[in-house]
Amino acid sequence: MDGAAIRRATALAAAALPDATREEASGVAEFASGGERGVVLRVRWMEAEGEGAARAEIPLLGLPPDQWGMSRWEGERESLVLPLPEPVFEVRLPTVIWLGPGTPIPGSRLWRAIPAAETTLERLRSLIAKGREARRRQFRRCRFCGEMVPPEHRIDDSCCHGCATRHPGVVF
């Protein structure tokens, strides 16, 4: 993997989300902005060939079959697992992974992915804005407390977890 391509991609991500916190690990740089109402922009690249090589999970977005890699199901949505020949931008939406009752772990889920080489700052900012709008549309008003609540903190479209224990009688 070209080091200059990785540096360009991470610099572009930093420019697109200047207020973001940044974390890096092997083959990944992650920029988070806006908390649970924001987006996560992940730059992913391949560190090495072989079994430990980074792979991207990309939702099927009308790719022709000759571009499909190993396919797998994630929830009710099929996605691809592809080797990364170049850095990729992943726009991810915040979520919570519930390990058990009262045990939420912050996380994110892939919303869109695009090759870094084909991306301009304007295109990346536009994709981030669309990701923020997609996240905003996930919030619903709880019919009991009136708070705007994301899906990972609701039992259905109209009742948050806090009110579910007081009103419909749900026990977590």
# chains A, B, ... in the order shown; residues from 1 in each chain; ligands from 1
call {"tool": "select_by_dssp", "arguments": {"residues": "segment 86-120 of chain A", "states": "strand (DSSP E)", "output": "mmCIF file with N, CA and C atoms, in the first residue's frame"}}
result
data_model
loop_
_atom_site.group_PDB
_atom_site.id
_atom_site.type_symbol
_atom_site.label_atom_id
_atom_site.label_comp_id
_atom_site.auth_asym_id
_atom_site.auth_seq_id
_atom_site.Cartn_x
_atom_site.Cartn_y
_atom_site.Cartn_z
ATOM 1 N N VAL A 88 -9.778 3.370 1.839
ATOM 2 C CA VAL A 88 -11.219 3.516 1.654
ATOM 3 C C VAL A 88 -11.761 4.398 2.765
ATOM 4 N N PHE A 89 -12.676 5.309 2.413
ATOM 5 C CA PHE A 89 -13.392 6.093 3.411
ATOM 6 C C PHE A 89 -14.676 5.352 3.756
ATOM 7 N N GLU A 90 -14.924 5.166 5.032
ATOM 8 C CA GLU A 90 -16.179 4.590 5.501
ATOM 9 C C GLU A 90 -16.898 5.650 6.323
ATOM 10 N N VAL A 91 -18.092 6.018 5.911
ATOM 11 C CA VAL A 91 -18.922 6.890 6.727
ATOM 12 C C VAL A 91 -19.776 5.954 7.559
ATOM 13 N N ARG A 92 -19.648 6.081 8.872
ATOM 14 C CA ARG A 92 -20.305 5.174 9.808
ATOM 15 C C ARG A 92 -21.239 5.979 10.705
ATOM 16 N N LEU A 93 -22.347 5.365 11.090
ATOM 17 C CA LEU A 93 -23.301 6.015 11.981
ATOM 18 C C LEU A 93 -23.127 5.443 13.390
ATOM 19 N N PRO A 94 -23.175 6.321 14.399
ATOM 20 C CA PRO A 94 -23.024 5.846 15.775
ATOM 21 C C PRO A 94 -24.129 4.861 16.137
ATOM 22 N N THR A 95 -23.810 3.937 16.997
ATOM 23 C CA THR A 95 -24.789 3.002 17.519
ATOM 24 C C THR A 95 -24.299 2.525 18.883
ATOM 25 N N VAL A 96 -25.042 1.657 19.489
ATOM 26 C CA VAL A 96 -24.657 1.047 20.755
ATOM 27 C C VAL A 96 -24.758 -0.452 20.577
ATOM 28 N N ILE A 97 -23.772 -1.148 21.072
ATOM 29 C CA ILE A 97 -23.804 -2.609 21.073
ATOM 30 C C ILE A 97 -24.182 -3.011 22.490
ATOM 31 N N TRP A 98 -25.275 -3.724 22.630
ATOM 32 C CA TRP A 98 -25.756 -4.130 23.949
ATOM 33 C C TRP A 98 -25.183 -5.500 24.289
ATOM 34 N N PRO A 104 -24.324 -1.100 27.677
ATOM 35 C CA PRO A 104 -24.136 -0.579 26.321
ATOM 36 C C PRO A 104 -22.674 -0.247 26.061
ATOM 37 N N ILE A 105 -22.193 -0.579 24.875
ATOM 38 C CA ILE A 105 -20.840 -0.251 24.441
ATOM 39 C C ILE A 105 -20.981 0.622 23.190
ATOM 40 N N PRO A 106 -20.382 1.827 23.190
ATOM 41 C CA PRO A 106 -20.475 2.662 21.982
ATOM 42 C C PRO A 106 -19.838 1.953 20.784
ATOM 43 N N GLY A 107 -20.467 2.104 19.642
ATOM 44 C CA GLY A 107 -19.958 1.496 18.422
ATOM 45 C C GLY A 107 -20.420 2.295 17.221
ATOM 46 N N SER A 108 -20.204 1.757 16.046
ATOM 47 C CA SER A 108 -20.674 2.391 14.820
ATOM 48 C C SER A 108 -20.982 1.300 13.810
ATOM 49 N N ARG A 109 -21.828 1.658 12.841
ATOM 50 C CA ARG A 109 -22.147 0.712 11.770
ATOM 51 C C ARG A 109 -21.908 1.402 10.436
ATOM 52 N N LEU A 110 -21.460 0.614 9.488
ATOM 53 C CA LEU A 110 -21.146 1.146 8.173
ATOM 54 C C LEU A 110 -22.405 1.665 7.493
ATOM 55 N N TRP A 111 -22.321 2.891 6.982
ATOM 56 C CA TRP A 111 -23.426 3.472 6.219
ATOM 57 C C TRP A 111 -23.058 3.526 4.738
ATOM 58 N N ARG A 112 -21.888 4.088 4.383
ATOM 59 C CA ARG A 112 -21.414 4.145 2.995
ATOM 60 C C ARG A 112 -19.889 4.021 2.997
ATOM 61 N N ALA A 113 -19.354 3.501 1.907
ATOM 62 C CA ALA A 113 -17.902 3.406 1.736
ATOM 63 C C ALA A 113 -17.553 3.819 0.312
ATOM 64 N N ILE A 114 -16.464 4.582 0.179
ATOM 65 C CA ILE A 114 -16.003 5.009 -1.137
ATOM 66 C C ILE A 114 -14.474 4.948 -1.181
ATOM 67 N N PRO A 115 -13.899 4.632 -2.340
ATOM 68 C CA PRO A 115 -12.439 4.614 -2.463
ATOM 69 C C PRO A 115 -11.860 6.013 -2.255
#
call {"tool": "residues_around", "arguments": {"residues": "Ala4 of chain A", "least_positions_apart": "3", "cutoff": "12 Å", "atoms": "only C-alpha atoms", "output": "ChimeraX atom specification"}}
result
/A:1,7-11,45,86-87,116-117
call {"tool": "atom_distance", "arguments": {"atom1": "atom CA of Lys130 of chain A", "atom2": "atom CA of Cys142 of chain A"}}
result
24.3 Å
call {"tool": "closest_atom_pairs", "arguments": {"of": "segment 93-156 of chain A", "to": "segment 14-23 of chain A", "cutoff": "12 Å", "atoms": "only C-alpha atoms", "output": "JSON lines"}}
result
{"residue": "A:Thr119", "atom": "CA", "partner": "A:Ala16", "partner_atom": "CA", "distance": 11.3}
{"residue": "A:Thr120", "atom": "CA", "partner": "A:Ala16", "partner_atom": "CA", "distance": 9.7}
{"residue": "A:Leu121", "atom": "CA", "partner": "A:Ala16", "partner_atom": "CA", "distance": 6.3}
{"residue": "A:Glu122", "atom": "CA", "partner": "A:Ala16", "partner_atom": "CA", "distance": 8.2}
{"residue": "A:Arg123", "atom": "CA", "partner": "A:Ala16", "partner_atom": "CA", "distance": 9.5}
{"residue": "A:Leu124", "atom": "CA", "partner": "A:Ala16", "partner_atom": "CA", "distance": 6.6}
{"residue": "A:Arg125", "atom": "CA", "partner": "A:Ala16", "partner_atom": "CA", "distance": 5.5}
{"residue": "A:Ser126", "atom": "CA", "partner": "A:Ala16", "partner_atom": "CA", "distance": 9.3}
{"residue": "A:Leu127", "atom": "CA", "partner": "A:Ala16", "partner_atom": "CA", "distance": 9.9}
{"residue": "A:Ile128", "atom": "CA", "partner": "A:Ala16", "partner_atom": "CA", "distance": 8.1}
{"residue": "A:Ala129", "atom": "CA", "partner": "A:Ala16", "partner_atom": "CA", "distance": 10.1}
{"residue": "A:Arg132", "atom": "CA", "partner": "A:Leu17", "partner_atom": "CA", "distance": 11.9}
call {"tool": "write_last_selection", "arguments": {"atoms": "C-alpha atoms", "output": "PDB file, in the first residue's frame"}}
result
ATOM      1  CA  THR A 119     -12.733  11.327  -3.477  1.00  0.00           C
ATOM      2  CA  THR A 120     -12.390  15.088  -3.290  1.00  0.00           C
ATOM      3  CA  LEU A 121     -12.817  17.137  -0.132  1.00  0.00           C
ATOM      4  CA  GLU A 122     -16.151  18.449  -1.444  1.00  0.00           C
ATOM      5  CA  ARG A 123     -17.432  14.935  -2.194  1.00  0.00           C
ATOM      6  CA  LEU A 124     -16.332  13.708   1.229  1.00  0.00           C
ATOM      7  CA  ARG A 125     -17.999  16.661   2.995  1.00  0.00           C
ATOM      8  CA  SER A 126     -21.172  16.014   1.009  1.00  0.00           C
ATOM      9  CA  LEU A 127     -21.149  12.340   1.991  1.00  0.00           C
ATOM     10  CA  ILE A 128     -20.595  13.283   5.651  1.00  0.00           C
ATOM     11  CA  ALA A 129     -23.516  15.746   5.498  1.00  0.00           C
ATOM     12  CA  ARG A 132     -25.483  13.198   9.418  1.00  0.00           C
TER      13      ARG A 132
END
call {"tool": "residues_around", "arguments": {"residues": "segment 146-150 of chain A", "least_positions_apart": "4", "cutoff": "12 Å", "atoms": "only C-alpha atoms", "output": "PDB file with N, CA and C atoms, in the first residue's frame"}}
result
ATOM      1  N   GLY A  35     -20.835  13.178  18.464  1.00  0.00           N
ATOM      2  CA  GLY A  35     -21.386  12.227  19.429  1.00  0.00           C
ATOM      3  C   GLY A  35     -22.436  11.330  18.796  1.00  0.00           C
ATOM      4  N   GLU A  36     -23.481  11.017  19.572  1.00  0.00           N
ATOM      5  CA  GLU A  36     -24.495  10.085  19.061  1.00  0.00           C
ATOM      6  C   GLU A  36     -25.348  10.693  17.951  1.00  0.00           C
ATOM      7  N   ARG A  37     -25.287  11.996  17.770  1.00  0.00           N
ATOM      8  CA  ARG A  37     -26.028  12.646  16.681  1.00  0.00           C
ATOM      9  C   ARG A  37     -25.140  12.927  15.471  1.00  0.00           C
ATOM     10  N   GLY A  38     -23.889  12.530  15.516  1.00  0.00           N
ATOM     11  CA  GLY A  38     -22.953  12.827  14.445  1.00  0.00           C
ATOM     12  C   GLY A  38     -22.645  11.634  13.573  1.00  0.00           C
ATOM     13  N   LEU A  93     -22.347   5.365  11.090  1.00  0.00           N
ATOM     14  CA  LEU A  93     -23.301   6.015  11.981  1.00  0.00           C
ATOM     15  C   LEU A  93     -23.127   5.443  13.390  1.00  0.00           C
ATOM     16  N   PRO A  94     -23.175   6.321  14.399  1.00  0.00           N
ATOM     17  CA  PRO A  94     -23.024   5.846  15.775  1.00  0.00           C
ATOM     18  C   PRO A  94     -24.129   4.861  16.137  1.00  0.00           C
ATOM     19  N   THR A  95     -23.810   3.937  16.997  1.00  0.00           N
ATOM     20  CA  THR A  95     -24.789   3.002  17.519  1.00  0.00           C
ATOM     21  C   THR A  95     -24.299   2.525  18.883  1.00  0.00           C
ATOM     22  N   VAL A  96     -25.042   1.657  19.489  1.00  0.00           N
ATOM     23  CA  VAL A  96     -24.657   1.047  20.755  1.00  0.00           C
ATOM     24  C   VAL A  96     -24.758  -0.452  20.577  1.00  0.00           C
ATOM     25  N   ALA A 134     -28.879  11.225   7.523  1.00  0.00           N
ATOM     26  CA  ALA A 134     -29.406   9.862   7.718  1.00  0.00           C
ATOM     27  C   ALA A 134     -29.497   9.544   9.202  1.00  0.00           C
ATOM     28  N   ARG A 135     -28.479   9.946   9.957  1.00  0.00           N
ATOM     29  CA  ARG A 135     -28.510   9.704  11.406  1.00  0.00           C
ATOM     30  C   ARG A 135     -29.622  10.514  12.057  1.00  0.00           C
ATOM     31  N   ARG A 136     -29.777  11.779  11.667  1.00  0.00           N
ATOM     32  CA  ARG A 136     -30.831  12.624  12.231  1.00  0.00           C
ATOM     33  C   ARG A 136     -32.212  11.997  12.015  1.00  0.00           C
ATOM     34  N   ARG A 137     -32.420  11.397  10.836  1.00  0.00           N
ATOM     35  CA  ARG A 137     -33.716  10.789  10.521  1.00  0.00           C
ATOM     36  C   ARG A 137     -33.995   9.532  11.354  1.00  0.00           C
ATOM     37  N   GLN A 138     -32.965   8.961  11.977  1.00  0.00           N
ATOM     38  CA  GLN A 138     -33.177   7.776  12.807  1.00  0.00           C
ATOM     39  C   GLN A 138     -33.807   8.108  14.161  1.00  0.00           C
ATOM     40  N   PHE A 139     -33.700   9.351  14.588  1.00  0.00           N
ATOM     41  CA  PHE A 139     -34.242   9.748  15.887  1.00  0.00           C
ATOM     42  C   PHE A 139     -35.766   9.856  15.828  1.00  0.00           C
ATOM     43  N   ARG A 140     -36.423   9.435  16.889  1.00  0.00           N
ATOM     44  CA  ARG A 140     -37.884   9.529  17.003  1.00  0.00           C
ATOM     45  C   ARG A 140     -38.222  10.115  18.377  1.00  0.00           C
ATOM     46  N   ARG A 141     -39.346  10.793  18.450  1.00  0.00           N
ATOM     47  CA  ARG A 141     -39.802  11.372  19.708  1.00  0.00           C
ATOM     48  C   ARG A 141     -40.530  10.300  20.526  1.00  0.00           C
ATOM     49  N   CYS A 142     -40.116  10.154  21.769  1.00  0.00           N
ATOM     50  CA  CYS A 142     -40.789   9.210  22.673  1.00  0.00           C
ATOM     51  C   CYS A 142     -42.163   9.771  23.019  1.00  0.00           C
ATOM     52  N   ARG A 154     -34.435   2.733  22.040  1.00  0.00           N
ATOM     53  CA  ARG A 154     -35.898   2.630  21.990  1.00  0.00           C
ATOM     54  C   ARG A 154     -36.302   1.171  21.900  1.00  0.00           C
ATOM     55  N   ILE A 155     -37.527   0.882  22.378  1.00  0.00           N
ATOM     56  CA  ILE A 155     -38.048  -0.480  22.197  1.00  0.00           C
ATOM     57  C   ILE A 155     -38.853  -0.580  20.913  1.00  0.00           C
ATOM     58  N   ASP A 156     -39.358   0.558  20.421  1.00  0.00           N
ATOM     59  CA  ASP A 156     -40.060   0.628  19.143  1.00  0.00           C
ATOM     60  C   ASP A 156     -39.958   2.068  18.657  1.00  0.00           C
ATOM     61  N   ASP A 157     -40.703   2.433  17.627  1.00  0.00           N
ATOM     62  CA  ASP A 157     -40.580   3.779  17.076  1.00  0.00           C
ATOM     63  C   ASP A 157     -41.088   4.885  17.985  1.00  0.00           C
ATOM     64  N   SER A 158     -41.799   4.552  19.067  1.00  0.00           N
ATOM     65  CA  SER A 158     -42.412   5.615  19.854  1.00  0.00           C
ATOM     66  C   SER A 158     -42.151   5.535  21.355  1.00  0.00           C
ATOM     67  N   CYS A 159     -41.260   4.664  21.813  1.00  0.00           N
ATOM     68  CA  CYS A 159     -41.039   4.534  23.251  1.00  0.00           C
ATOM     69  C   CYS A 159     -39.563   4.269  23.564  1.00  0.00           C
ATOM     70  N   CYS A 160     -38.976   5.168  24.379  1.00  0.00           N
ATOM     71  CA  CYS A 160     -37.567   5.003  24.752  1.00  0.00           C
ATOM     72  C   CYS A 160     -37.442   3.945  25.858  1.00  0.00           C
ATOM     73  N   HIS A 161     -36.217   3.471  26.080  1.00  0.00           N
ATOM     74  CA  HIS A 161     -35.975   2.442  27.094  1.00  0.00           C
ATOM     75  C   HIS A 161     -36.396   2.903  28.485  1.00  0.00           C
ATOM     76  N   GLY A 162     -36.081   4.170  28.817  1.00  0.00           N
ATOM     77  CA  GLY A 162     -36.432   4.688  30.144  1.00  0.00           C
ATOM     78  C   GLY A 162     -37.930   4.654  30.386  1.00  0.00           C
ATOM     79  N   CYS A 163     -38.706   5.099  29.425  1.00  0.00           N
ATOM     80  CA  CYS A 163     -40.168   5.120  29.585  1.00  0.00           C
ATOM     81  C   CYS A 163     -40.755   3.716  29.481  1.00  0.00           C
TER      82      CYS A 163
END
call {"tool": "closest_residue", "arguments": {"among": "A:Val170, A:Ala164, A:Ala13, A:Ala29", "to": "Phe144 of chain A", "atoms": "only C-alpha atoms"}}
result
A:Ala164
call {"tool": "select_by_dssp", "arguments": {"residues": "segment 103-172 of chain A", "states": "helix (DSSP H, G or I)", "output": "VMD selection string"}}
result
chain A and resid 116 to 118 121 to 138 151 to 153 161 to 166
call {"tool": "write_last_selection", "arguments": {"atoms": "N, CA and C atoms", "output": "PDB file, in the first residue's frame"}}
result
ATOM      1  N   ALA A 116     -10.806   6.099  -1.484  1.00  0.00           N
ATOM      2  CA  ALA A 116     -10.188   7.397  -1.200  1.00  0.00           C
ATOM      3  C   ALA A 116      -9.626   8.050  -2.456  1.00  0.00           C
ATOM      4  N   ALA A 117      -9.116   7.261  -3.375  1.00  0.00           N
ATOM      5  CA  ALA A 117      -8.492   7.813  -4.584  1.00  0.00           C
ATOM      6  C   ALA A 117      -9.485   8.580  -5.455  1.00  0.00           C
ATOM      7  N   GLU A 118     -10.763   8.221  -5.375  1.00  0.00           N
ATOM      8  CA  GLU A 118     -11.793   8.852  -6.204  1.00  0.00           C
ATOM      9  C   GLU A 118     -12.503   9.990  -5.489  1.00  0.00           C
ATOM     10  N   LEU A 121     -12.360  16.611  -1.413  1.00  0.00           N
ATOM     11  CA  LEU A 121     -12.817  17.137  -0.132  1.00  0.00           C
ATOM     12  C   LEU A 121     -14.304  17.485  -0.195  1.00  0.00           C
ATOM     13  N   GLU A 122     -14.738  18.077  -1.295  1.00  0.00           N
ATOM     14  CA  GLU A 122     -16.151  18.449  -1.444  1.00  0.00           C
ATOM     15  C   GLU A 122     -17.047  17.209  -1.433  1.00  0.00           C
ATOM     16  N   ARG A 123     -16.630  16.167  -2.150  1.00  0.00           N
ATOM     17  CA  ARG A 123     -17.432  14.935  -2.194  1.00  0.00           C
ATOM     18  C   ARG A 123     -17.496  14.289  -0.814  1.00  0.00           C
ATOM     19  N   LEU A 124     -16.366  14.301  -0.108  1.00  0.00           N
ATOM     20  CA  LEU A 124     -16.332  13.708   1.229  1.00  0.00           C
ATOM     21  C   LEU A 124     -17.208  14.501   2.194  1.00  0.00           C
ATOM     22  N   ARG A 125     -17.138  15.822   2.131  1.00  0.00           N
ATOM     23  CA  ARG A 125     -17.999  16.661   2.995  1.00  0.00           C
ATOM     24  C   ARG A 125     -19.473  16.429   2.680  1.00  0.00           C
ATOM     25  N   SER A 126     -19.793  16.286   1.404  1.00  0.00           N
ATOM     26  CA  SER A 126     -21.172  16.014   1.009  1.00  0.00           C
ATOM     27  C   SER A 126     -21.646  14.670   1.556  1.00  0.00           C
ATOM     28  N   LEU A 127     -20.797  13.659   1.468  1.00  0.00           N
ATOM     29  CA  LEU A 127     -21.149  12.340   1.991  1.00  0.00           C
ATOM     30  C   LEU A 127     -21.332  12.386   3.499  1.00  0.00           C
ATOM     31  N   ILE A 128     -20.471  13.129   4.195  1.00  0.00           N
ATOM     32  CA  ILE A 128     -20.595  13.283   5.651  1.00  0.00           C
ATOM     33  C   ILE A 128     -21.911  13.979   5.989  1.00  0.00           C
ATOM     34  N   ALA A 129     -22.251  15.033   5.257  1.00  0.00           N
ATOM     35  CA  ALA A 129     -23.516  15.746   5.498  1.00  0.00           C
ATOM     36  C   ALA A 129     -24.712  14.814   5.286  1.00  0.00           C
ATOM     37  N   LYS A 130     -24.651  13.983   4.254  1.00  0.00           N
ATOM     38  CA  LYS A 130     -25.733  13.026   4.014  1.00  0.00           C
ATOM     39  C   LYS A 130     -25.794  11.981   5.125  1.00  0.00           C
ATOM     40  N   GLY A 131     -24.618  11.577   5.625  1.00  0.00           N
ATOM     41  CA  GLY A 131     -24.583  10.641   6.742  1.00  0.00           C
ATOM     42  C   GLY A 131     -25.195  11.242   7.996  1.00  0.00           C
ATOM     43  N   ARG A 132     -24.881  12.516   8.257  1.00  0.00           N
ATOM     44  CA  ARG A 132     -25.483  13.198   9.418  1.00  0.00           C
ATOM     45  C   ARG A 132     -27.000  13.283   9.274  1.00  0.00           C
ATOM     46  N   GLU A 133     -27.456  13.576   8.064  1.00  0.00           N
ATOM     47  CA  GLU A 133     -28.903  13.640   7.826  1.00  0.00           C
ATOM     48  C   GLU A 133     -29.543  12.271   8.010  1.00  0.00           C
ATOM     49  N   ALA A 134     -28.879  11.225   7.523  1.00  0.00           N
ATOM     50  CA  ALA A 134     -29.406   9.862   7.718  1.00  0.00           C
ATOM     51  C   ALA A 134     -29.497   9.544   9.202  1.00  0.00           C
ATOM     52  N   ARG A 135     -28.479   9.946   9.957  1.00  0.00           N
ATOM     53  CA  ARG A 135     -28.510   9.704  11.406  1.00  0.00           C
ATOM     54  C   ARG A 135     -29.622  10.514  12.057  1.00  0.00           C
ATOM     55  N   ARG A 136     -29.777  11.779  11.667  1.00  0.00           N
ATOM     56  CA  ARG A 136     -30.831  12.624  12.231  1.00  0.00           C
ATOM     57  C   ARG A 136     -32.212  11.997  12.015  1.00  0.00           C
ATOM     58  N   ARG A 137     -32.420  11.397  10.836  1.00  0.00           N
ATOM     59  CA  ARG A 137     -33.716  10.789  10.521  1.00  0.00           C
ATOM     60  C   ARG A 137     -33.995   9.532  11.354  1.00  0.00           C
ATOM     61  N   GLN A 138     -32.965   8.961  11.977  1.00  0.00           N
ATOM     62  CA  GLN A 138     -33.177   7.776  12.807  1.00  0.00           C
ATOM     63  C   GLN A 138     -33.807   8.108  14.161  1.00  0.00           C
ATOM     64  N   PRO A 151     -32.483   4.922  17.635  1.00  0.00           N
ATOM     65  CA  PRO A 151     -33.086   3.579  17.643  1.00  0.00           C
ATOM     66  C   PRO A 151     -32.470   2.628  18.660  1.00  0.00           C
ATOM     67  N   GLU A 152     -31.197   2.788  18.962  1.00  0.00           N
ATOM     68  CA  GLU A 152     -30.560   1.867  19.906  1.00  0.00           C
ATOM     69  C   GLU A 152     -30.990   2.105  21.351  1.00  0.00           C
ATOM     70  N   HIS A 153     -31.774   3.161  21.600  1.00  0.00           N
ATOM     71  CA  HIS A 153     -32.288   3.459  22.939  1.00  0.00           C
ATOM     72  C   HIS A 153     -33.816   3.478  22.970  1.00  0.00           C
ATOM     73  N   HIS A 161     -36.217   3.471  26.080  1.00  0.00           N
ATOM     74  CA  HIS A 161     -35.975   2.442  27.094  1.00  0.00           C
ATOM     75  C   HIS A 161     -36.396   2.903  28.485  1.00  0.00           C
ATOM     76  N   GLY A 162     -36.081   4.170  28.817  1.00  0.00           N
ATOM     77  CA  GLY A 162     -36.432   4.688  30.144  1.00  0.00           C
ATOM     78  C   GLY A 162     -37.930   4.654  30.386  1.00  0.00           C
ATOM     79  N   CYS A 163     -38.706   5.099  29.425  1.00  0.00           N
ATOM     80  CA  CYS A 163     -40.168   5.120  29.585  1.00  0.00           C
ATOM     81  C   CYS A 163     -40.755   3.716  29.481  1.00  0.00           C
ATOM     82  N   ALA A 164     -40.104   2.823  28.759  1.00  0.00           N
ATOM     83  CA  ALA A 164     -40.623   1.459  28.607  1.00  0.00           C
ATOM     84  C   ALA A 164     -40.720   0.764  29.962  1.00  0.00           C
ATOM     85  N   THR A 165     -39.793   1.047  30.860  1.00  0.00           N
ATOM     86  CA  THR A 165     -39.847   0.402  32.178  1.00  0.00           C
ATOM     87  C   THR A 165     -40.926   0.993  33.065  1.00  0.00           C
ATOM     88  N   ARG A 166     -41.329   2.252  32.802  1.00  0.00           N
ATOM     89  CA  ARG A 166     -42.354   2.900  33.615  1.00  0.00           C
ATOM     90  C   ARG A 166     -43.765   2.770  33.035  1.00  0.00           C
TER      91      ARG A 166
END
